[in-house]
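Source file: final-v8.pdb (PDB, C-alpha atoms and all ligand atoms)
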MODEL        1
ATOM      1  CA  MET A 298       2.281  11.929  25.014
ATOM      2  CA  LYS A 299       1.624  15.274  23.449
ATOM      3  CA  ARG A 300       5.342  15.372  22.734
ATOM      4  CA  VAL A 301       5.118  12.089  20.822
ATOM      5  CA  ARG A 302       2.342  13.428  18.608
ATOM      6  CA  THR A 303       4.209  16.703  18.051
ATOM      7  CA  LEU A 304       7.287  14.766  16.954
ATOM      8  CA  ALA A 305       5.108  12.712  14.598
ATOM      9  CA  LYS A 306       3.796  15.908  13.011
ATOM     10  CA  GLU A 307       7.282  17.325  12.689
ATOM     11  CA  ALA A 308       8.421  14.104  10.985
ATOM     12  CA  GLY A 309       5.768  14.623   8.300
ATOM     13  CA  PHE A 310       2.694  12.700   9.478
ATOM     14  CA  THR A 311      -0.772  14.198   9.226
ATOM     15  CA  GLU A 312      -2.093  12.663  12.412
ATOM     16  CA  SER A 313      -1.161  10.023  14.965
ATOM     17  CA  PHE A 314      -2.786   7.863  17.630
ATOM     18  CA  LEU A 315      -1.342   6.386  20.797
ATOM     19  CA  LEU A 316      -3.081   3.195  21.835
ATOM     20  CA  PRO A 317      -2.619   0.657  24.612
ATOM     21  CA  VAL A 318      -1.013  -2.677  23.742
ATOM     22  CA  GLU A 319      -3.851  -5.176  23.623
ATOM     23  CA  PRO A 320      -4.607  -8.413  21.760
ATOM     24  CA  TYR A 321      -6.709  -7.980  18.612
ATOM     25  CA  THR A 322      -8.961 -10.970  18.328
ATOM     26  CA  ASP A 323     -10.965  -9.642  15.357
ATOM     27  CA  TRP A 324      -7.797  -9.586  13.331
ATOM     28  CA  THR A 325      -7.123 -13.221  14.227
ATOM     29  CA  ARG A 326     -10.633 -14.080  13.112
ATOM     30  CA  HIS A 327     -10.159 -12.349   9.753
ATOM     31  CA  ARG A 328      -6.843 -14.091   9.267
ATOM     32  CA  ASN A 329      -8.443 -17.448   9.984
ATOM     33  CA  ASP A 330     -11.071 -16.551   7.363
ATOM     34  CA  GLY A 331      -8.226 -16.436   4.783
ATOM     35  CA  VAL A 332      -8.488 -12.688   4.161
ATOM     36  CA  PHE A 333      -4.787 -11.886   4.513
ATOM     37  CA  HIS A 334      -1.735 -12.491   2.379
ATOM     38  CA  PRO A 335       0.712 -15.079   3.819
ATOM     39  CA  ASN A 336       3.122 -12.160   4.464
ATOM     40  CA  ALA A 337       0.856 -11.408   7.411
ATOM     41  CA  ASP A 338       1.389 -14.881   8.919
ATOM     42  CA  PRO A 339       4.239 -13.863  11.255
ATOM     43  CA  LEU A 340       2.115 -11.084  12.782
ATOM     44  CA  VAL A 341       0.818 -12.175  16.136
ATOM     45  CA  SER A 342      -2.567 -11.095  17.395
ATOM     46  CA  ASP A 343      -1.108 -10.124  20.753
ATOM     47  CA  PRO A 344       1.726  -7.598  20.201
ATOM     48  CA  LYS A 345       2.885  -8.178  23.807
ATOM     49  CA  GLU A 346       4.334 -11.500  22.634
ATOM     50  CA  THR A 347       6.735  -9.765  20.255
ATOM     51  CA  TYR A 348       7.268  -6.510  22.156
ATOM     52  CA  PRO A 349       7.081  -7.392  25.893
ATOM     53  CA  TRP A 350       8.861  -4.113  26.813
ATOM     54  CA  ALA A 351       6.308  -1.844  25.093
ATOM     55  CA  ASN A 352       3.337  -0.173  26.776
ATOM     56  CA  ALA A 353       2.011   1.844  23.834
ATOM     57  CA  ILE A 354       1.482   1.511  20.142
ATOM     58  CA  LEU A 355       1.893   4.577  17.998
ATOM     59  CA  ILE A 356      -0.015   4.555  14.723
ATOM     60  CA  CYS A 357       0.849   7.406  12.379
ATOM     61  CA  VAL A 358      -1.274   8.489   9.454
ATOM     62  CA  LEU A 359       0.030  10.126   6.317
ATOM     63  CA  ALA A 360      -2.897  11.383   4.241
ATOM     64  CA  TYR A 361      -2.403  11.905   0.514
ATOM     65  CA  THR A 362      -4.395  13.148  -2.446
ATOM     66  CA  PRO A 363      -4.999  10.856  -5.426
ATOM     67  CA  TYR A 364      -3.946  11.809  -8.936
ATOM     68  CA  THR A 365      -6.577  12.872 -11.440
ATOM     69  CA  ASP A 366      -5.209  10.082 -13.642
ATOM     70  CA  GLU A 367      -3.927   7.001 -11.850
ATOM     71  CA  SER A 368      -3.469   4.922 -14.981
ATOM     72  CA  LEU A 369       0.322   5.204 -14.798
ATOM     73  CA  VAL A 370       0.756   4.760 -11.060
ATOM     74  CA  ALA A 371      -1.437   5.365  -8.018
ATOM     75  CA  SER A 372      -0.366   8.293  -5.839
ATOM     76  CA  TYR A 373      -0.439   5.784  -2.999
ATOM     77  CA  TYR A 374       3.072   4.559  -3.882
ATOM     78  CA  PRO A 375       5.075   7.801  -3.700
ATOM     79  CA  ALA A 376       3.083   8.596  -0.529
ATOM     80  CA  SER A 377       3.952   5.217   0.932
ATOM     81  CA  ASN A 378       7.649   5.942   0.373
ATOM     82  CA  ARG A 379       7.257   9.354   2.072
ATOM     83  CA  ALA A 380       5.563   7.672   5.034
ATOM     84  CA  TYR A 381       8.365   5.120   5.339
ATOM     85  CA  HIS A 382      10.970   7.892   5.553
ATOM     86  CA  ALA A 383       8.809   9.949   7.909
ATOM     87  CA  MET A 384       8.735   7.000  10.311
ATOM     88  CA  LYS A 385      12.495   6.634  10.035
ATOM     89  CA  ARG A 386      12.913  10.302  11.046
ATOM     90  CA  LEU A 387      10.374   9.930  13.833
ATOM     91  CA  LEU A 388      12.077   6.882  15.359
ATOM     92  CA  GLU A 389      15.384   8.760  15.406
ATOM     93  CA  GLN A 390      13.719  11.686  17.154
ATOM     94  CA  LEU A 391      11.894   9.504  19.699
ATOM     95  CA  ASN A 392      15.122   7.695  20.553
ATOM     96  CA  ALA A 393      16.930  11.039  20.805
ATOM     97  CA  HIS A 394      14.259  12.116  23.330
ATOM     98  CA  GLY A 395      14.925   9.003  25.431
ATOM     99  CA  ILE A 396      11.844   7.047  24.315
ATOM    100  CA  ARG A 397      12.439   3.462  23.269
ATOM    101  CA  ALA A 398      10.632   3.034  19.977
ATOM    102  CA  GLU A 399      10.807   0.399  17.245
ATOM    103  CA  ARG A 400       9.096   0.171  13.904
ATOM    104  CA  ALA A 401       6.420  -2.491  14.375
ATOM    105  CA  GLU A 402       4.540  -4.831  12.133
ATOM    106  CA  THR A 403       1.180  -5.181  13.826
ATOM    107  CA  PRO A 404      -2.327  -5.078  12.331
ATOM    108  CA  TYR A 405      -2.746  -1.283  12.395
ATOM    109  CA  ARG A 406      -6.031  -1.178  10.529
ATOM    110  CA  GLU A 407      -7.658  -3.613  12.904
ATOM    111  CA  GLN A 408      -6.329  -1.713  15.886
ATOM    112  CA  LEU A 409      -7.821   1.544  14.643
ATOM    113  CA  VAL A 410     -11.152  -0.145  13.888
ATOM    114  CA  ARG A 411     -11.242  -1.708  17.306
ATOM    115  CA  HIS A 412     -10.797   1.683  18.954
ATOM    116  CA  GLY A 413     -13.561   3.265  16.899
ATOM    117  CA  ILE A 414     -11.121   5.470  15.021
ATOM    118  CA  GLY A 415     -11.498   4.058  11.521
ATOM    119  CA  SER A 416     -13.941   1.855   9.624
ATOM    120  CA  ARG A 417     -13.337  -1.322   7.697
ATOM    121  CA  MET A 418     -14.442  -1.328   4.061
ATOM    122  CA  ASP A 419     -15.283  -4.113   1.614
ATOM    123  CA  ASN A 420     -12.027  -3.405  -0.244
ATOM    124  CA  GLN A 421     -10.138  -4.155   3.027
ATOM    125  CA  LEU A 422      -8.864  -0.588   3.231
ATOM    126  CA  LEU A 423      -9.319   1.521   6.329
ATOM    127  CA  TYR A 424     -11.621   4.526   6.111
ATOM    128  CA  LEU A 425     -10.578   7.425   8.302
ATOM    129  CA  GLU A 426     -12.411  10.758   8.502
ATOM    130  CA  PRO A 427     -11.781  13.135   6.745
ATOM    131  CA  TYR A 428      -9.297  11.444   4.382
ATOM    132  CA  GLY A 429     -11.356   8.437   3.320
ATOM    133  CA  THR A 430      -9.074   5.541   2.400
ATOM    134  CA  TYR A 431      -6.354   7.861   1.068
ATOM    135  CA  ILE A 432      -4.020   7.211   3.963
ATOM    136  CA  ILE A 433      -0.775   5.381   4.660
ATOM    137  CA  LEU A 434      -0.291   3.890   8.092
ATOM    138  CA  GLN A 435       3.018   3.392   9.835
ATOM    139  CA  GLY A 436       3.360   2.090  13.345
ATOM    140  CA  ALA A 437       5.824   1.757  16.173
ATOM    141  CA  MET A 438       5.881   0.170  19.604
ATOM    142  CA  LEU A 439       6.877   2.556  22.384
ATOM    143  CA  SER A 440       7.969   2.362  25.977
ATOM    144  CA  LEU A 441       6.507   5.416  27.724
ATOM    145  CA  ASN A 442       6.834   6.624  31.306
ATOM    146  CA  GLU A 443       3.081   6.350  31.828
ATOM    147  CA  PRO A 444       0.733   3.799  30.273
ATOM    148  CA  VAL A 445      -1.710   4.881  27.579
ATOM    149  CA  ASP A 446      -5.400   4.679  28.346
ATOM    150  CA  TYR A 447      -7.130   5.467  25.100
ATOM    151  CA  GLU A 448     -10.799   6.399  25.078
ATOM    152  CA  PRO A 449     -12.204   6.500  21.537
ATOM    153  CA  LYS A 450     -12.849  10.083  20.458
ATOM    154  CA  ARG A 451     -14.995   8.914  17.569
ATOM    155  CA  GLU A 452     -17.883   6.487  17.634
ATOM    156  CA  PRO A 453     -17.345   3.333  15.545
ATOM    157  CA  LYS A 454     -19.178   3.978  12.294
ATOM    158  CA  ALA A 455     -20.278   1.637   9.492
ATOM    159  CA  VAL A 456     -19.192   3.599   6.424
ATOM    160  CA  CYS A 457     -19.181   0.905   3.740
ATOM    161  CA  ASP A 458     -22.699   0.290   2.459
ATOM    162  CA  HIS A 459     -21.627  -2.682   0.311
ATOM    163  CA  CYS A 460     -22.611  -0.859  -2.871
ATOM    164  CA  GLY A 461     -20.498  -3.292  -4.928
ATOM    165  CA  ARG A 462     -18.649  -0.686  -7.034
ATOM    166  CA  CYS A 463     -15.212  -1.805  -5.840
ATOM    167  CA  LYS A 464     -16.129  -5.427  -6.463
ATOM    168  CA  ARG A 465     -17.119  -4.660 -10.051
ATOM    169  CA  VAL A 466     -13.758  -3.061 -10.967
ATOM    170  CA  CYS A 467     -11.633  -5.613  -9.091
ATOM    171  CA  PHE A 468      -9.539  -8.435 -10.558
ATOM    172  CA  GLY A 469     -11.491 -10.847  -8.354
ATOM    173  CA  ALA A 470     -10.366 -10.286  -4.769
ATOM    174  CA  ILE A 471     -13.338  -8.356  -3.405
ATOM    175  CA  ARG A 472     -16.218 -10.680  -2.638
ATOM    176  CA  GLY A 473     -18.548  -8.298  -0.789
ATOM    177  CA  ASP A 474     -19.687  -8.184   2.847
ATOM    178  CA  PHE A 475     -16.033  -7.867   3.927
ATOM    179  CA  ALA A 476     -15.051 -11.153   2.265
ATOM    180  CA  PHE A 477     -11.758 -10.927   0.395
ATOM    181  CA  ASP A 478      -9.545 -13.366  -1.500
ATOM    182  CA  TRP A 479      -5.954 -12.074  -1.381
ATOM    183  CA  LYS A 480      -4.961 -14.543  -4.131
ATOM    184  CA  ARG A 481      -7.064 -12.545  -6.589
ATOM    185  CA  CYS A 482      -5.768  -9.103  -5.623
ATOM    186  CA  ILE A 483      -3.486  -7.900  -8.406
ATOM    187  CA  HIS A 484      -0.899  -6.829  -5.804
ATOM    188  CA  THR A 485      -0.228 -10.503  -5.146
ATOM    189  CA  TYR A 486       1.332 -10.759  -8.624
ATOM    190  CA  MET A 487       3.490  -7.645  -8.250
ATOM    191  CA  GLU A 488       6.024  -9.117  -5.861
ATOM    192  CA  GLY A 489       8.673 -10.180  -8.323
ATOM    193  CA  GLU A 490       7.577 -13.618  -9.529
ATOM    194  CA  PRO A 491       6.560 -14.166 -13.186
ATOM    195  CA  ILE A 492       3.140 -12.581 -13.710
ATOM    196  CA  PRO A 493       0.317 -14.961 -14.772
ATOM    197  CA  GLU A 494      -1.139 -14.212 -18.205
ATOM    198  CA  ASP A 495      -4.607 -13.144 -17.010
ATOM    199  CA  ALA A 496      -2.980 -10.700 -14.573
ATOM    200  CA  MET A 497      -0.787  -9.314 -17.377
ATOM    201  CA  GLU A 498      -3.827  -8.738 -19.561
ATOM    202  CA  TRP A 499      -5.586  -6.993 -16.706
ATOM    203  CA  LEU A 500      -2.669  -4.958 -15.292
ATOM    204  CA  PRO A 501      -3.806  -1.317 -15.435
ATOM    205  CA  SER A 502      -0.865   0.515 -13.826
ATOM    206  CA  LEU A 503       2.565   0.077 -12.278
ATOM    207  CA  LEU A 504       2.768  -1.771  -8.971
ATOM    208  CA  GLY A 505      -0.797  -3.013  -9.107
ATOM    209  CA  CYS A 506      -3.936  -0.996  -8.907
ATOM    210  CA  MET A 507      -5.926   1.120  -6.536
ATOM    211  CA  ARG A 508      -9.164   1.017  -8.486
ATOM    212  CA  CYS A 509     -11.100  -0.152  -5.473
ATOM    213  CA  GLN A 510     -10.547   3.153  -3.750
ATOM    214  CA  SER A 511     -10.842   5.387  -6.835
ATOM    215  CA  VAL A 512     -14.408   4.177  -7.415
ATOM    216  CA  CYS A 513     -15.537   4.253  -3.798
ATOM    217  CA  PRO A 514     -18.270   6.890  -3.435
ATOM    218  CA  LYS A 515     -17.360   7.412   0.225
ATOM    219  CA  ASN A 516     -13.931   8.811  -0.642
ATOM    220  CA  PRO A 517     -13.201  12.541  -0.992
ATOM    221  CA  LYS A 518     -13.323  13.759  -4.581
ATOM    222  CA  THR A 519     -10.274  16.057  -4.488
ATOM    223  CA  ALA A 520      -7.466  15.058  -6.858
ATOM    224  CA  VAL A 521      -4.216  16.565  -8.146
ATOM    225  CA  PRO A 522      -2.580  16.220 -11.575
ATOM    226  CA  VAL A 523       0.241  13.683 -11.848
ATOM    227  CA  PRO A 524       3.446  15.650 -11.139
ATOM    228  CA  GLU A 525       5.659  15.787 -14.228
ATOM    229  CA  PRO A 526       8.661  14.112 -12.485
ATOM    230  CA  VAL A 527       6.407  11.167 -11.568
ATOM    231  CA  ARG A 528       5.078  10.886 -15.115
ATOM    232  CA  GLU A 529       8.574  11.016 -16.543
ATOM    233  CA  THR A 530      10.309   8.749 -14.048
ATOM    234  CA  LEU A 531       7.705   5.994 -14.079
ATOM    235  CA  ASP A 532       7.056   5.973 -17.805
ATOM    236  CA  PRO A 533       7.363   2.244 -18.664
ATOM    237  CA  VAL A 534       9.725   2.874 -21.581
ATOM    238  CA  ARG A 535      11.971   5.058 -19.416
ATOM    239  CA  ILE A 536      12.130   2.214 -16.908
ATOM    240  CA  LEU A 537      13.104  -0.188 -19.687
ATOM    241  CA  GLN A 538      15.805   2.296 -20.691
ATOM    242  CA  GLY A 539      17.259   1.813 -17.215
ATOM    243  CA  ASN A 540      16.230   4.709 -14.972
ATOM    244  CA  ARG A 541      15.396   2.552 -11.981
ATOM    245  CA  LYS A 542      17.538   4.662  -9.628
ATOM    246  CA  ALA A 543      15.249   7.671 -10.070
ATOM    247  CA  ALA A 544      12.246   5.370  -9.665
ATOM    248  CA  GLY A 545      13.725   4.051  -6.424
ATOM    249  CA  GLU A 546      13.961   7.571  -5.021
ATOM    250  CA  LEU A 547      10.293   8.101  -5.790
ATOM    251  CA  ILE A 548       8.672   4.853  -4.723
ATOM    252  CA  GLY A 549      11.374   3.248  -2.570
ATOM    253  CA  ARG A 550      14.180   0.881  -3.509
ATOM    254  CA  ASN A 551      12.211  -2.194  -2.547
ATOM    255  CA  LEU A 552       9.368  -1.558  -4.993
ATOM    256  CA  ALA A 553      11.792  -0.389  -7.674
ATOM    257  CA  GLY A 554      13.779  -3.651  -7.664
ATOM    258  CA  PRO A 555      14.207  -5.106 -11.198
ATOM    259  CA  ASN A 556      12.184  -8.208 -10.499
ATOM    260  CA  ARG A 557       9.222  -6.018  -9.750
ATOM    261  CA  LEU A 558       9.475  -2.847 -11.745
ATOM    262  CA  VAL A 559      11.083  -4.103 -14.969
ATOM    263  CA  ARG A 560       8.629  -7.004 -15.105
ATOM    264  CA  GLN A 561       5.693  -4.607 -14.817
ATOM    265  CA  ALA A 562       7.161  -2.039 -17.199
ATOM    266  CA  ILE A 563       7.432  -4.752 -19.879
ATOM    267  CA  VAL A 564       3.752  -5.623 -19.479
ATOM    268  CA  LEU A 565       2.524  -2.042 -19.219
ATOM    269  CA  ALA A 566       4.446  -0.921 -22.277
ATOM    270  CA  ALA A 567       2.625  -3.634 -24.213
ATOM    271  CA  ASN A 568      -0.799  -2.921 -22.702
ATOM    272  CA  ARG A 569      -0.360   0.743 -23.675
ATOM    273  CA  LYS A 570       0.657  -0.192 -27.225
ATOM    274  CA  ARG A 571       4.028   1.497 -26.759
ATOM    275  CA  THR A 572       5.801   0.231 -29.866
ATOM    276  CA  ASP A 573       8.737   2.501 -28.994
ATOM    277  CA  ALA A 574       9.473  -0.071 -26.250
ATOM    278  CA  LEU A 575      10.187  -2.838 -28.776
ATOM    279  CA  PRO A 576      13.948  -2.181 -29.250
ATOM    280  CA  TYR A 577      14.427  -2.300 -25.446
ATOM    281  CA  LEU A 578      12.318  -5.429 -25.110
ATOM    282  CA  LEU A 579      14.277  -7.209 -27.815
ATOM    283  CA  LYS A 580      17.531  -6.190 -26.157
ATOM    284  CA  LEU A 581      16.275  -7.361 -22.783
ATOM    285  CA  ARG A 582      15.409 -10.723 -24.320
ATOM    286  CA  GLU A 583      19.089 -11.106 -25.237
ATOM    287  CA  THR A 584      20.453 -10.043 -21.843
ATOM    288  CA  ASP A 585      17.802 -11.274 -19.391
ATOM    289  CA  GLY A 586      15.470 -13.381 -21.509
ATOM    290  CA  GLU A 587      15.237 -16.250 -19.046
ATOM    291  CA  ARG A 588      14.235 -14.162 -16.045
ATOM    292  CA  PHE A 589      11.550 -12.133 -17.840
ATOM    293  CA  LYS A 590      10.470 -14.832 -20.304
ATOM    294  CA  ALA A 591       6.738 -14.809 -19.569
ATOM    295  CA  GLU A 592       6.454 -11.008 -19.685
ATOM    296  CA  LEU A 593       8.703 -10.589 -22.747
ATOM    297  CA  ASP A 594       6.812 -13.257 -24.718
ATOM    298  CA  TYR A 595       3.542 -11.544 -23.857
ATOM    299  CA  ALA A 596       4.729  -8.011 -24.647
ATOM    300  CA  ILE A 597       6.693  -8.698 -27.830
ATOM    301  CA  THR A 598       3.876 -10.791 -29.292
ATOM    302  CA  LEU A 599       1.340  -8.042 -28.522
ATOM    303  CA  LEU A 600       3.467  -5.200 -29.879
ATOM    304  CA  GLN A 601       4.475  -7.047 -33.045
ATOM    305  CA  LYS A 602       0.860  -7.835 -34.013
TER     306      LYS A 602
HETATM  307  S1  LIG A 701     -17.132   1.006  -3.232
HETATM  308 FE1  LIG A 701     -18.993   0.565  -2.059
HETATM  309  S2  LIG A 701     -18.686  -1.563  -1.352
HETATM  310 FE2  LIG A 701     -16.695  -0.805  -1.997
HETATM  311  S3  LIG A 701     -15.736  -0.009  -0.137
HETATM  312 FE3  LIG A 701     -16.753   1.729  -1.130
HETATM  313  S4  LIG A 701     -18.795   1.782  -0.178
HETATM  314 FE4  LIG A 701     -17.928  -0.231   0.287
HETATM  315  S1  LIG A 702      -6.121  -3.280  -5.445
HETATM  316 FE1  LIG A 702      -7.139  -3.793  -7.403
HETATM  317  S2  LIG A 702      -7.128  -6.020  -7.496
HETATM  318 FE2  LIG A 702      -6.681  -5.471  -5.351
HETATM  319  S3  LIG A 702      -8.630  -5.413  -4.313
HETATM  320 FE3  LIG A 702      -8.332  -3.335  -5.084
HETATM  321  S4  LIG A 702      -9.301  -3.320  -7.126
HETATM  322 FE4  LIG A 702      -9.053  -5.451  -6.512
ENDMDL
END

Transcribe the structure of this file into structure tokens.
Ligand code: SF4
Ligand code: SF4
Amino acid sequence: MKRVRTLAKEAGFTESFLLPVEPYTDWTRHRNDGVFHPNADPLVSDPKETYPWANAILICVLAYTPYTDESLVASYYPASNRAYHAMKRLLEQLNAHGIRAERAETPYREQLVRHGIGSRMDNQLLYLEPYGTYIILQGAMLSLNEPVDYEPKREPKAVCDHCGRCKRVCFGAIRGDFAFDWKRCIHTYMEGEPIPEDAMEWLPSLLGCMRCQSVCPKNPKTAVPVPEPVRETLDPVRILQGNRKAAGELIGRNLAGPNRLVRQAIVLAANRKRTDALPYLLKLRETDGERFKAELDYAITLLQK
């Protein structure tokens, strides 16, 4: 088991936890309360149903530091891409060491809360000492020679004091006292469909927002400047000029798909009053006007005012 955690470190993770495979009834309750996005529907509350061969769940944590200015993009996204690739490396290594391991979609946050490792917050993020909510989680199901019997090292702790700061900066998803409406989280509109007008007006940064963790007083205060390559690559006008390949290397090909990134770059260019985007927007209207109609109408009207 030590070997598994060493391999996780070598793959690039900050920390990892090996837990027994158990049903997670709290998660089912939250799902029934309507907290989760429909993407979570296929996740079963008992991972044994989907992975009958597994006797351990490995949850890996990649901690990251936020940018001093997250108005272009939250540092969460490049970190999320790093975590995805770290898990890919780790799975290869585990398999090479004779351990059956598969990337797993299970409710990691709820599993860590249940074992007293992390705390649930009003913004639905997981708080984990000492990183706060600045973490990416990746998980895998494992078949180990001996079963895992995890005893919580940390006492379950109520960290969120329901101060309401995240609720005040939110688009409308955070309702307080752990209530959450996924339909009003801005991320819901970043998945490639035309963006509703109120979400376009509100959109503060590429790929959604992470305001609810920036304002949380429980989070660490350390921050790093936005690296120049990130600033350059994800500049909305650069994206409109067609540098999505570089963006894909930074945030992952899935997030950098045109339906997502171009749509958001159109809106952000307008929200930032980037009139230098106009020639590209007008050109895009000729080549792809149907697909991006809502966003182009919004942006061109705003920039031509
Ligand atoms: S900002 Fe306040 S209410 Fe929101 S998660 Fe942090 S402590 Fe909880
Ligand atoms: S990511 Fe943005 S919209 Fe979603 S819950 Fe947090 S503050 Fe609200």

message: 6 Å from ligand LIG 702 (chain A) is the threshold here; counting only C-alpha atoms and all ligand atoms, which polymer residues fall inside it? Answer as a VMD selection string.
response: chain A and resid 420 466 to 468 470 to 471 482 to 484 506 to 509

field: Closest of A:Asp366, A:Glu389, A:Asp458, A:Glu399 to ligand LIG 701 (chain A) - atom-to-atom distances counting all atoms listed in the file
entry: A:Asp458

task: Identify all residues satisfying the PyMOL selection byres (((not hetatm)) within 7 of (chain A and resi 701)) in the given file; provide them as number ranges by chain.
output: A: 418-420, 456-464, 473, 509-510, 512-515

field: Two-atom distance - CA of Lys580 (chain A), CA of Val527 (chain A) (Å)
entry: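 Calculated distance between CA of Lys580 (chain A) and CA of Val527 (chain A) is 25.3 Å.
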
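Minimum atom-to-atom distance to Ala567 (chain A), evaluated using only C-alpha atoms, belongs to A:Trp499 out of A:Trp499, A:Trp350, A:Tyr373, A:Tyr424.
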
query: So which residues touch Ala591 (chain A) within 9 Å, counting only C-alpha atoms, skipping near sequence neighbours fewer than 2 positions away, as an NGL selection string?
result: :A and (491-494 or 587-589 or 593-596)

Go ahead and save the residues from that selection, with C-alpha atoms, as a PDB file, in the coordinates of the input.
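Saved result, result.pdb, follows:
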ATOM      1  CA  PRO A 491       6.560 -14.166 -13.186  1.00  0.00           C
ATOM      2  CA  ILE A 492       3.140 -12.581 -13.710  1.00  0.00           C
ATOM      3  CA  PRO A 493       0.317 -14.961 -14.772  1.00  0.00           C
ATOM      4  CA  GLU A 494      -1.139 -14.212 -18.205  1.00  0.00           C
ATOM      5  CA  GLU A 587      15.237 -16.250 -19.046  1.00  0.00           C
ATOM      6  CA  ARG A 588      14.235 -14.162 -16.045  1.00  0.00           C
ATOM      7  CA  PHE A 589      11.550 -12.133 -17.840  1.00  0.00           C
ATOM      8  CA  LEU A 593       8.703 -10.589 -22.747  1.00  0.00           C
ATOM      9  CA  ASP A 594       6.812 -13.257 -24.718  1.00  0.00           C
ATOM     10  CA  TYR A 595       3.542 -11.544 -23.857  1.00  0.00           C
ATOM     11  CA  ALA A 596       4.729  -8.011 -24.647  1.00  0.00           C
TER      12      ALA A 596
END

field: For Met497 (chain A), the nearest of the candidates A:Asp478, A:Asp585, A:Glu307, A:Glu592, counting only C-alpha atoms
entry: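 Selected residue with least distance to Met497 (chain A): A:Glu592.
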
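CA of Phe310 (chain A) sits 27.2 Å away from CA of Leu558 (chain A).
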
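Across the model, the gap from CA of Tyr428 (chain A) to CA of Ala380 (chain A) is 15.3 Å.
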
Find the spatial neighbours of Val523 (chain A), counting only C-alpha atoms, within a cut-off of 12 Å - ignore same-chain residues fewer than 3 positions away - and output them as a compact mmCIF listing (two decimals) with C-alpha atoms, in the coordinates of the input.
# COMPACT_ATOMS: atom_id res chain seq x y z
CA THR A 362 -4.39 13.15 -2.45
CA PRO A 363 -5.00 10.86 -5.43
CA TYR A 364 -3.95 11.81 -8.94
CA THR A 365 -6.58 12.87 -11.44
CA ASP A 366 -5.21 10.08 -13.64
CA GLU A 367 -3.93 7.00 -11.85
CA SER A 368 -3.47 4.92 -14.98
CA LEU A 369 0.32 5.20 -14.80
CA VAL A 370 0.76 4.76 -11.06
CA ALA A 371 -1.44 5.36 -8.02
CA SER A 372 -0.37 8.29 -5.84
CA TYR A 373 -0.44 5.78 -3.00
CA PRO A 375 5.08 7.80 -3.70
CA ALA A 520 -7.47 15.06 -6.86
CA PRO A 526 8.66 14.11 -12.48
CA VAL A 527 6.41 11.17 -11.57
CA ARG A 528 5.08 10.89 -15.12
CA GLU A 529 8.57 11.02 -16.54
CA THR A 530 10.31 8.75 -14.05
CA LEU A 531 7.70 5.99 -14.08
CA ASP A 532 7.06 5.97 -17.80

task: Write out as a PyMOL selection string which residues come within 12 Å of Arg417 (chain A) when counting all atoms listed in the file, dropping same-chain ones fewer than 5 positions away.
output: chain A and resi 323-324+327+405-412+422-425+429-430+453-459+474-476
